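So this one's run-v3.txt, compact mmCIF, C-alpha atoms:
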```
# COMPACT_ATOMS: atom_id res chain seq x y z
CA MET A 182 -166.30 20.04 89.75
CA GLU A 183 -163.15 18.02 89.00
CA ILE A 184 -163.65 14.25 88.92
CA ALA A 185 -161.31 13.70 91.88
CA ARG A 186 -163.07 16.29 94.03
CA GLY A 187 -166.41 14.82 93.00
CA ALA A 188 -165.32 11.38 94.22
CA TYR A 189 -163.99 12.94 97.43
CA THR A 190 -167.34 14.67 97.97
CA ILE A 191 -169.31 11.48 97.35
CA ALA A 192 -167.20 9.69 99.96
CA GLY A 193 -167.78 12.51 102.44
CA THR A 194 -171.51 12.53 101.78
CA ALA A 195 -171.68 8.77 102.37
CA VAL A 196 -170.45 9.14 105.96
CA LEU A 197 -172.54 12.25 106.65
CA PRO A 198 -175.19 10.41 108.74
CA LEU A 199 -172.47 9.09 111.05
CA LEU A 200 -170.89 12.46 111.81
CA PRO A 201 -173.37 13.63 114.50
CA LEU A 202 -172.97 10.28 116.24
CA ARG A 203 -169.20 10.66 116.17
CA LEU A 204 -169.46 14.13 117.73
CA TRP A 205 -171.85 12.90 120.39
CA TRP A 206 -169.52 9.97 121.17
CA ARG A 207 -166.47 12.22 121.51
CA GLY A 208 -168.53 14.52 123.70
CA ARG A 209 -168.74 11.85 126.40
CA ARG A 210 -165.31 12.90 127.64
CA GLU A 211 -164.96 16.27 125.93
CA PRO A 212 -168.33 18.03 126.22
CA GLY A 213 -167.14 20.77 123.88
CA TYR A 214 -167.79 18.45 120.94
CA ARG A 215 -171.50 18.57 121.75
CA HIS A 216 -171.57 22.36 121.61
CA ALA A 217 -173.09 24.02 118.54
CA ILE A 218 -173.16 20.83 116.47
CA GLY A 219 -175.15 22.62 113.79
CA GLU A 220 -172.10 24.75 112.97
CA ARG A 221 -170.34 21.63 111.73
CA PHE A 222 -172.96 21.52 108.98
CA GLY A 223 -173.05 25.24 108.16
CA ARG A 224 -175.79 26.41 110.56
CA TYR A 225 -174.62 29.43 112.55
CA ASP A 226 -176.25 31.62 115.19
CA ALA A 227 -173.40 34.13 115.25
CA VAL A 228 -174.00 37.50 113.63
CA ALA A 229 -173.84 37.21 109.87
CA GLY A 230 -171.08 38.78 107.85
CA VAL A 231 -171.29 42.55 108.04
CA GLY A 232 -168.48 44.95 107.28
CA THR A 233 -165.03 43.41 107.15
CA THR A 234 -164.45 39.92 108.48
CA LEU A 235 -160.96 38.43 108.53
CA TRP A 236 -160.98 34.70 109.10
CA ILE A 237 -158.27 32.52 110.64
CA HIS A 238 -158.62 28.73 110.76
CA ALA A 239 -156.61 27.08 113.53
CA VAL A 240 -157.55 23.43 113.87
CA SER A 241 -156.39 22.77 117.44
CA VAL A 242 -154.34 24.05 120.38
CA GLY A 243 -150.93 24.49 118.77
CA GLU A 244 -152.26 26.26 115.71
CA THR A 245 -154.45 28.52 117.86
CA ARG A 246 -151.47 29.60 119.94
CA ALA A 247 -149.39 30.11 116.81
CA ALA A 248 -152.14 32.31 115.35
CA ALA A 249 -152.00 34.72 118.29
CA PRO A 250 -149.29 37.03 116.86
CA LEU A 251 -151.17 37.29 113.54
CA ILE A 252 -154.45 38.03 115.30
CA GLU A 253 -152.76 40.85 117.20
CA ARG A 254 -151.39 42.33 113.95
CA LEU A 255 -154.74 42.07 112.19
CA SER A 256 -156.59 43.64 115.12
CA GLY A 257 -154.08 46.45 115.44
CA THR A 258 -153.92 47.24 111.72
CA PHE A 259 -157.64 46.83 110.98
CA PRO A 260 -159.33 47.74 114.30
CA HIS A 261 -162.81 47.86 112.77
CA ALA A 262 -162.57 44.39 111.26
CA ARG A 263 -164.18 41.40 112.90
CA ILE A 264 -161.77 38.53 113.53
CA LEU A 265 -163.37 35.15 112.96
CA LEU A 266 -161.47 32.21 114.47
CA THR A 267 -162.52 28.67 113.50
CA HIS A 268 -161.46 25.32 114.89
CA MET A 269 -162.04 21.61 114.49
CA THR A 270 -161.20 20.39 118.02
CA ALA A 271 -162.78 21.20 121.36
CA THR A 272 -159.37 21.88 122.91
CA GLY A 273 -158.59 24.35 120.12
CA ARG A 274 -161.84 26.21 120.70
CA ASP A 275 -161.25 26.29 124.46
CA THR A 276 -157.76 27.65 123.89
CA GLY A 277 -159.09 30.37 121.59
CA ARG A 278 -161.63 31.41 124.20
CA ALA A 279 -158.95 31.51 126.90
CA LEU A 280 -156.53 33.54 124.77
CA PHE A 281 -158.90 36.02 123.14
CA GLY A 282 -162.21 36.01 125.01
CA ASP A 283 -164.80 38.07 123.17
CA ARG A 284 -162.18 39.90 121.10
CA VAL A 285 -162.80 37.34 118.34
CA THR A 286 -165.83 35.51 117.00
CA GLN A 287 -165.41 31.76 117.35
CA ALA A 288 -167.08 29.04 115.31
CA TRP A 289 -166.55 25.50 114.17
CA LEU A 290 -165.31 25.11 110.63
CA PRO A 291 -167.92 22.96 108.89
CA TYR A 292 -167.21 19.57 107.45
CA ASP A 293 -165.77 19.78 103.97
CA LEU A 294 -169.00 19.24 102.07
CA PRO A 295 -170.23 21.72 99.45
CA PHE A 296 -173.52 22.65 101.13
CA ALA A 297 -171.78 23.24 104.47
CA VAL A 298 -168.85 25.32 103.20
CA ARG A 299 -171.17 27.38 100.99
CA ALA A 300 -173.31 28.12 104.04
CA PHE A 301 -170.23 29.04 106.09
CA LEU A 302 -168.86 31.41 103.47
CA GLY A 303 -172.30 32.88 102.79
CA HIS A 304 -172.98 33.51 106.46
CA PHE A 305 -169.69 35.11 107.50
CA ARG A 306 -168.65 36.56 104.12
CA PRO A 307 -164.94 36.74 105.03
CA ARG A 308 -162.87 39.28 103.16
CA ALA A 309 -159.81 37.04 103.42
CA GLY A 310 -158.91 33.73 105.05
CA PHE A 311 -155.76 32.39 106.69
CA LEU A 312 -155.28 28.65 107.01
CA MET A 313 -152.74 27.66 109.66
CA GLU A 314 -150.02 25.11 108.91
CA THR A 315 -151.54 22.28 106.81
CA GLU A 316 -155.29 22.81 106.95
CA LEU A 317 -156.12 21.92 103.37
CA TRP A 318 -159.73 21.15 102.50
CA PRO A 319 -160.56 20.71 98.78
CA ASN A 320 -164.21 21.88 98.81
CA LEU A 321 -163.57 24.75 101.21
CA ILE A 322 -160.72 26.08 99.10
CA ALA A 323 -162.63 25.58 95.82
CA HIS A 324 -165.72 27.44 97.04
CA ALA A 325 -163.68 30.25 98.58
CA HIS A 326 -161.89 30.63 95.26
CA ALA A 327 -165.20 30.68 93.37
CA GLN A 328 -166.47 33.41 95.70
CA GLN A 329 -163.22 35.38 95.30
CA VAL A 330 -162.21 34.98 98.93
CA PRO A 331 -158.40 34.98 98.92
CA LEU A 332 -156.91 32.23 101.08
CA PHE A 333 -153.38 32.35 102.46
CA LEU A 334 -151.69 29.25 103.84
CA ILE A 335 -149.51 30.58 106.64
CA ASN A 336 -146.97 29.04 108.99
CA ALA A 337 -147.20 26.28 106.42
CA ARG A 338 -145.44 22.99 106.98
CA LEU A 339 -145.52 19.72 105.08
CA SER A 340 -143.46 16.71 106.09
CA PRO A 341 -142.00 14.39 103.44
CA ARG A 342 -144.44 11.70 104.59
CA SER A 343 -147.45 14.00 104.17
CA ALA A 344 -146.14 15.27 100.83
CA ALA A 345 -145.95 11.69 99.55
CA ARG A 346 -149.55 11.07 100.59
CA TYR A 347 -150.75 14.23 98.84
CA ALA A 348 -148.76 13.30 95.72
CA ARG A 349 -150.63 10.00 95.48
CA VAL A 350 -153.87 11.96 94.99
CA GLY A 351 -152.43 14.64 92.74
CA ALA A 352 -155.68 15.02 90.79
CA LEU A 353 -157.25 16.27 94.03
CA THR A 354 -154.22 18.04 95.52
CA ARG A 355 -152.93 20.07 92.58
CA PRO A 356 -156.13 22.04 91.81
CA MET A 357 -156.67 22.62 95.54
CA LEU A 358 -153.21 24.04 96.16
CA GLY A 359 -153.30 26.01 92.93
CA ARG A 360 -156.32 27.97 94.20
CA LEU A 361 -154.43 29.37 97.20
CA THR A 362 -153.61 33.06 96.96
CA GLY A 363 -150.27 32.70 98.70
CA VAL A 364 -148.13 30.48 100.90
CA ALA A 365 -145.92 31.54 103.80
CA ALA A 366 -143.86 28.48 104.74
CA GLN A 367 -141.92 27.69 107.87
CA SER A 368 -138.86 26.53 105.93
CA ALA A 369 -137.42 26.27 102.44
CA ALA A 370 -138.04 22.52 102.47
CA ASP A 371 -141.72 23.04 103.33
CA ALA A 372 -142.04 25.61 100.56
CA GLU A 373 -140.40 23.32 98.01
CA ARG A 374 -142.66 20.40 98.85
CA LEU A 375 -145.80 22.55 98.61
CA THR A 376 -144.71 24.14 95.32
CA ALA A 377 -143.93 20.72 93.85
CA LEU A 378 -147.50 19.69 94.63
CA GLY A 379 -149.01 22.69 92.87
CA ALA A 380 -149.07 25.53 95.40
CA PRO A 381 -148.02 29.02 94.32
CA SER A 382 -144.42 29.78 95.13
CA GLY A 383 -144.46 31.73 98.35
CA THR A 384 -142.18 33.11 100.99
CA ILE A 385 -140.27 31.64 103.91
CA THR A 386 -141.13 33.27 107.21
CA GLY A 387 -139.99 30.76 109.83
CA ASN A 388 -142.18 29.35 112.55
CA LEU A 389 -144.66 31.65 114.27
CA LYS A 390 -144.44 29.51 117.41
CA PHE A 391 -141.03 31.03 118.12
CA ASP A 392 -142.81 34.37 118.62
CA ILE A 393 -145.09 33.08 121.37
CA ALA A 394 -144.08 34.39 124.78
CA VAL A 395 -144.57 32.15 127.80
CA PRO A 396 -147.36 33.86 129.77
CA GLU A 397 -146.22 35.08 133.17
CA ALA A 398 -149.35 33.52 134.65
CA MET A 399 -148.11 30.12 133.45
CA ARG A 400 -144.68 30.70 134.97
CA ALA A 401 -146.34 31.64 138.25
CA LEU A 402 -148.53 28.54 138.12
CA GLY A 403 -145.44 26.47 137.39
CA ARG A 404 -143.80 27.78 140.56
CA SER A 405 -146.94 26.93 142.52
CA LEU A 406 -147.05 23.41 141.08
CA ARG A 407 -143.39 22.97 141.94
CA GLN A 408 -144.19 23.74 145.55
CA ARG A 409 -146.99 21.19 145.50
CA PHE A 410 -144.93 18.50 143.76
CA GLY A 411 -141.90 18.99 146.01
CA VAL A 412 -139.30 21.75 145.71
CA SER A 413 -136.43 19.41 146.49
CA ARG A 414 -137.53 16.73 144.05
CA ARG A 415 -136.07 16.29 140.58
CA ILE A 416 -139.03 16.56 138.21
CA TRP A 417 -139.27 15.47 134.59
CA VAL A 418 -142.32 15.78 132.40
CA ALA A 419 -143.46 13.41 129.67
CA ALA A 420 -145.48 15.94 127.70
CA SER A 421 -148.18 15.33 125.12
CA THR A 422 -147.84 11.56 125.30
CA ARG A 423 -149.83 9.47 122.87
CA GLU A 424 -151.52 6.09 123.19
CA GLY A 425 -149.00 3.34 123.93
CA GLU A 426 -146.19 5.63 125.01
CA GLU A 427 -147.09 5.67 128.70
CA ALA A 428 -146.87 1.87 128.80
CA LEU A 429 -143.44 1.98 127.16
CA LEU A 430 -142.27 4.50 129.75
CA LEU A 431 -143.59 2.49 132.67
CA ASN A 432 -141.98 -0.69 131.32
CA ALA A 433 -138.63 1.04 131.01
CA LEU A 434 -138.89 2.54 134.48
CA ALA A 435 -139.77 -0.87 135.96
CA GLY A 436 -136.56 -2.26 134.49
CA ALA A 437 -134.37 0.64 135.56
CA PRO A 438 -136.00 2.70 138.34
CA LEU A 439 -134.93 6.29 138.78
CA PRO A 440 -133.82 7.66 142.17
CA ALA A 441 -136.55 7.94 144.79
CA ASP A 442 -136.42 11.73 144.80
CA SER A 443 -137.35 11.94 141.12
CA LEU A 444 -140.94 12.61 140.04
CA LEU A 445 -142.50 11.84 136.67
CA LEU A 446 -145.22 14.17 135.44
CA ILE A 447 -147.26 12.49 132.67
CA VAL A 448 -149.40 14.83 130.54
CA PRO A 449 -151.39 12.95 127.87
CA ARG A 450 -151.92 14.86 124.65
CA HIS A 451 -155.67 14.30 124.50
CA PRO A 452 -158.01 14.85 127.47
CA GLN A 453 -160.16 11.86 126.57
CA ARG A 454 -157.19 9.69 127.56
CA PHE A 455 -156.77 11.07 131.09
CA ASP A 456 -158.90 8.33 132.65
CA ALA A 457 -157.30 5.61 130.52
CA VAL A 458 -153.82 6.60 131.70
CA ALA A 459 -155.06 6.69 135.29
CA GLU A 460 -156.35 3.13 134.85
CA LEU A 461 -153.01 2.08 133.38
CA LEU A 462 -151.18 3.45 136.43
CA ARG A 463 -153.54 1.67 138.81
CA ALA A 464 -153.14 -1.60 136.91
CA ARG A 465 -149.37 -1.29 137.31
CA ASP A 466 -149.70 -0.47 141.04
CA VAL A 467 -147.95 2.85 140.45
CA ALA A 468 -148.59 5.39 143.19
CA PHE A 469 -149.81 8.59 141.60
CA VAL A 470 -151.94 11.67 142.15
CA ARG A 471 -153.94 13.63 139.61
CA ARG A 472 -153.28 17.29 139.04
CA SER A 473 -157.02 17.91 139.30
CA GLU A 474 -157.02 16.65 142.90
CA GLU A 475 -155.22 19.85 143.96
CA ILE A 476 -153.26 18.10 146.71
CA ALA A 477 -149.62 18.03 147.76
CA VAL A 478 -147.57 15.11 146.47
CA SER A 479 -146.10 13.01 149.24
CA PRO A 480 -142.49 11.73 148.89
CA ASP A 481 -143.68 8.14 148.34
CA VAL A 482 -145.61 9.12 145.20
CA GLY A 483 -143.56 8.89 142.05
CA VAL A 484 -146.00 10.02 139.36
CA VAL A 485 -148.35 12.96 138.81
CA LEU A 486 -150.97 12.68 136.09
CA GLY A 487 -151.38 16.07 134.44
CA ASP A 488 -155.11 15.89 133.75
CA SER A 489 -155.77 19.56 133.06
CA MET A 490 -156.10 21.68 129.96
CA ARG A 491 -154.17 24.74 128.80
CA GLU A 492 -151.46 24.32 131.46
CA MET A 493 -148.64 22.82 129.40
CA PHE A 494 -146.42 25.87 129.84
CA ALA A 495 -146.95 25.59 133.60
CA TYR A 496 -145.98 21.92 133.56
CA TYR A 497 -142.80 22.78 131.69
CA ALA A 498 -142.05 25.61 134.11
CA ALA A 499 -142.43 23.20 137.04
CA SER A 500 -139.97 20.69 135.57
CA ASP A 501 -136.21 20.20 135.35
CA LEU A 502 -136.39 18.24 132.11
CA ALA A 503 -138.95 17.57 129.37
CA PHE A 504 -139.58 14.62 127.10
CA VAL A 505 -141.73 15.60 124.09
CA GLY A 506 -144.28 12.88 123.41
CA GLY A 507 -145.58 11.51 120.16
CA SER A 508 -141.98 10.63 119.33
CA LEU A 509 -141.48 7.20 120.93
CA LEU A 510 -144.03 5.73 118.55
CA PRO A 511 -144.56 6.88 114.93
CA PHE A 512 -146.95 9.74 115.64
CA GLY A 513 -144.40 12.29 114.40
CA ALA A 514 -143.83 14.10 117.72
CA HIS A 515 -145.04 17.46 118.95
CA THR A 516 -143.17 20.72 118.89
CA PRO A 517 -140.05 21.13 121.04
CA ILE A 518 -140.39 24.92 120.84
CA GLU A 519 -142.62 25.25 123.91
CA PRO A 520 -140.30 23.54 126.41
CA ILE A 521 -137.32 25.38 124.95
CA ALA A 522 -139.21 28.68 125.35
CA ALA A 523 -139.96 27.72 128.95
CA GLY A 524 -136.25 27.14 129.62
CA VAL A 525 -136.25 23.35 129.92
CA PRO A 526 -133.81 20.83 128.39
CA VAL A 527 -135.56 18.60 125.85
CA LEU A 528 -135.49 14.90 125.05
CA VAL A 529 -137.20 13.44 121.97
CA GLY A 530 -137.68 9.95 120.64
CA PRO A 531 -136.83 8.66 117.16
CA HIS A 532 -140.06 9.74 115.40
CA THR A 533 -139.98 13.49 114.81
CA PHE A 534 -141.15 13.82 111.21
CA ASN A 535 -143.89 16.36 112.00
CA PHE A 536 -141.30 18.80 113.31
CA ALA A 537 -138.16 17.37 111.74
CA GLU A 538 -136.40 20.62 110.88
CA VAL A 539 -136.95 22.44 114.16
CA THR A 540 -136.12 19.29 116.15
CA GLN A 541 -132.88 18.68 114.27
CA GLY A 542 -132.00 22.33 114.68
CA ALA A 543 -132.55 22.12 118.43
CA ILE A 544 -130.42 18.97 118.64
CA ALA A 545 -127.63 20.56 116.60
CA ALA A 546 -127.75 23.65 118.82
CA GLY A 547 -127.38 21.53 121.96
CA ALA A 548 -130.84 22.35 123.31
CA ALA A 549 -132.25 18.86 122.76
CA GLN A 550 -131.14 15.24 122.74
CA GLN A 551 -132.62 12.40 120.72
CA VAL A 552 -133.02 8.86 122.07
CA ALA A 553 -133.75 5.62 120.26
CA ASP A 554 -136.35 4.07 122.56
CA ALA A 555 -137.91 4.18 126.03
CA ARG A 556 -134.99 2.44 127.75
CA GLU A 557 -132.55 4.93 126.29
CA LEU A 558 -134.93 7.72 127.31
CA VAL A 559 -134.91 6.62 130.96
CA ALA A 560 -131.09 6.36 130.88
CA ALA A 561 -130.86 9.88 129.43
CA VAL A 562 -133.25 11.19 132.07
CA ARG A 563 -131.10 9.67 134.82
CA ASP A 564 -127.92 11.18 133.35
CA LEU A 565 -129.42 14.64 132.98
CA LEU A 566 -131.09 14.68 136.38
CA ASP A 567 -127.70 13.80 137.88
CA ASP A 568 -125.91 16.54 135.91
CA PRO A 569 -127.20 20.06 136.70
CA ALA A 570 -124.32 21.64 134.79
CA ARG A 571 -125.29 19.86 131.57
CA ARG A 572 -128.92 20.80 132.04
CA ALA A 573 -127.90 24.42 132.48
CA SER A 574 -125.82 24.21 129.30
CA MET A 575 -128.80 22.86 127.36
CA VAL A 576 -131.03 25.62 128.72
CA ALA A 577 -128.51 28.26 127.65
CA ALA A 578 -128.22 26.69 124.20
CA GLY A 579 -131.99 26.63 123.96
CA ARG A 580 -132.20 30.31 124.81
CA VAL A 581 -129.80 31.16 121.97
CA PHE A 582 -131.62 28.84 119.55
CA TYR A 583 -134.99 30.34 120.47
CA GLU A 584 -133.87 33.95 120.07
CA LEU A 585 -132.17 33.16 116.77
CA HIS A 586 -135.47 31.98 115.26
CA ARG A 587 -137.76 34.70 116.50
CA GLY A 588 -139.19 37.27 114.11
CA ALA A 589 -141.48 35.09 111.98
CA THR A 590 -144.42 37.40 112.65
CA ASP A 591 -142.54 40.41 111.31
CA ARG A 592 -141.46 38.51 108.21
CA LEU A 593 -144.99 37.26 107.64
CA TRP A 594 -146.46 40.73 108.04
CA ARG A 595 -143.99 42.34 105.63
CA TRP A 596 -145.11 39.82 103.00
CA LEU A 597 -148.80 39.80 103.86
CA ALA A 598 -149.66 43.44 104.58
CA PRO A 599 -149.16 44.79 101.03
CA GLN A 600 -151.44 42.03 99.68
CA LEU A 601 -154.02 42.39 102.41
CA SER A 602 -154.50 46.17 102.54
CA PRO A 603 -156.16 46.49 99.10
CA ILE A 604 -158.35 43.46 99.83
CA VAL A 605 -159.62 44.87 103.11
CA THR A 606 -160.14 48.40 101.82
CA ASN A 607 -161.76 47.47 98.50
CA PRO A 608 -165.35 48.78 98.71
CA ASP A 609 -166.45 46.49 95.89
CA ARG A 610 -166.23 43.54 98.27
CA ASP A 611 -168.90 44.91 100.65
```
How does the structure come out when it is put into structure tokens?
Amino acid sequence: MEIARGAYTIAGTAVLPLLPLRLWWRGRREPGYRHAIGERFGRYDAVAGVGTTLWIHAVSVGETRAAAPLIERLSGTFPHARILLTHMTATGRDTGRALFGDRVTQAWLPYDLPFAVRAFLGHFRPRAGFLMETELWPNLIAHAHAQQVPLFLINARLSPRSAARYARVGALTRPMLGRLTGVAAQSAADAERLTALGAPSGTITGNLKFDIAVPEAMRALGRSLRQRFGVSRRIWVAASTREGEEALLLNALAGAPLPADSLLLIVPRHPQRFDAVAELLRARDVAFVRRSEEIAVSPDVGVVLGDSMREMFAYYAASDLAFVGGSLLPFGAHTPIEPIAAGVPVLVGPHTFNFAEVTQGAIAAGAAQQVADARELVAAVRDLLDDPARRASMVAAGRVFYELHRGATDRLWRWLAPQLSPIVTNPDRD
């Protein structure tokens, strides 16, 4: 074991006794974290690896959705293979269950400790693994390499900020990335940053999230929510907001209220914050209803708290305008692709480093607008709600932008299939 990975492992082992407590604590508000805790440490009840298992790791909701086109290709091309889908978050696992049901085997990826990853690989015996976006775990990758399990980093992205952090621990990063079998990056800039850090030079496929179709069920639910919220009201959604952003929004709205017929739909990114945002609204004496209450919104109520899971597409479909959260404060923003796919004009704050390229592309195409702070956001919301023609122009620009970037799944498959077929059909691996 390299010295740097040894130090990393010692640090991980030191906090090992605290990990079950952390899971139990998080499970207070997200019970999914208390499910199958043993899997986090390499203890699995699922059927052991028999035949061909193809493994996809999608840490949370966005990565799970992005993995859907690949899962369909793998299932269609290798119908007798078992698809193993692993996660780290409860919302990711719930999303996988909702999307795929029993068509895939789901499990938690264990913590990145040698005994746990050895147990995981020994139990499921994957023929090949696919890590979504930036899921890089030194021990997992090292042990997969030692057991000759090829790992592909797909839909890979790496922001300049993340690349700088990885570069500071090059003794850990370079061997880890060098053990990957291949990299399929979202953009040339992502590929260059990964290669500079030691990853094999790969291919550029674009972003798989452009190939995700908005489910008709979500569009239908959006229409239903629109009826409940008020058909004649002008609705804007603050989507995937992070801690501190709701307060900034409420402060800005207090200083410059929007017209009475407007309605703000706040959808916090993490479900454990639903109650905290509700308390914030009460403390500010803001009249609101919760989505989970399943009631009509009266005209004197100006805010709806979107406290439900797996309904983001429906919230977008119910809205005239979307602000993408995580961008008012330096969280790096969330993807603007989903609201654009749903046909909604997009506003983003100044912090978009997690999705810099796609966000700048959407802005350049006229599908999105960037604001400097919460006050500028509220002013932009007012302008756009008062200008249906401009909103329609942004929607049309978004449609063109979205269609222009589709096809990542095909590009990925053309690169991946020739490498994967001999791996899957090699009898020596059984």
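Atom CA of A:Ala420 sits 16.2 Å away from atom CA of A:Asp456.
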**Request:** Using all atoms listed in the file, determine which residues lie at most 10 Å from A:Gln367, disregarding the query and same-chain residues fewer than 2 positions distant; provide the list as a PyMOL selection string.
**Result:** chain A and resi 314+335-339+364-365+369-372+384-389+538-539+589
**Asked** From the list A:Ala514, A:Phe333, A:Leu294, A:Glu492, which residue is nearest A:Val242 when using only C-alpha atoms?
**Response**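 Checking each of A:Ala514, A:Phe333, A:Leu294, A:Glu492 against A:Val242, counting only C-alpha atoms, the winner is A:Glu492.
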List every residue of stretch 519-594 of chain A that has an atom at most 12 Å from any atom of stretch 444-449 of chain A, giving for each one its closest atom pair and the distance in Å to one decimal, counting all atoms listed in the file, sorted by chain and then by ascending residue number, as JSON lines.
```
{"residue": "A:Val559", "atom": "CA", "partner": "A:Leu445", "partner_atom": "CA", "distance": 10.8}
{"residue": "A:Val562", "atom": "CA", "partner": "A:Leu445", "partner_atom": "CA", "distance": 10.4}
{"residue": "A:Arg563", "atom": "CA", "partner": "A:Leu444", "partner_atom": "CA", "distance": 11.5}
{"residue": "A:Leu566", "atom": "CA", "partner": "A:Leu444", "partner_atom": "CA", "distance": 10.7}
```
**Request:** Check the smallest atom-to-atom distance from each of A:Lys390, A:Tyr496, A:Glu474, A:Pro531 to A:Pro517 using only C-alpha atoms, then report the winner.
**Result:** A:Lys390
**Item:** Pairwise distance for atom CA of A:Gly411 and atom CA of A:Val482, rounded to one decimal in Å
**Value:** 10.6 Å
**Polymer residues at most 7 Å from A:His268, all atoms listed in the file, same-chain spacing of 5 or more positions, as a list in words** = His238, Ala239, Val240, Ser241, Gly273, Arg274, Ala288, Trp289 and Leu290 of chain A
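Distances here use all atoms listed in the file; by that measure, the residue among A:Leu558, A:Leu461, A:Ala192, A:Ala419 closest to A:His515 is A:Ala419.
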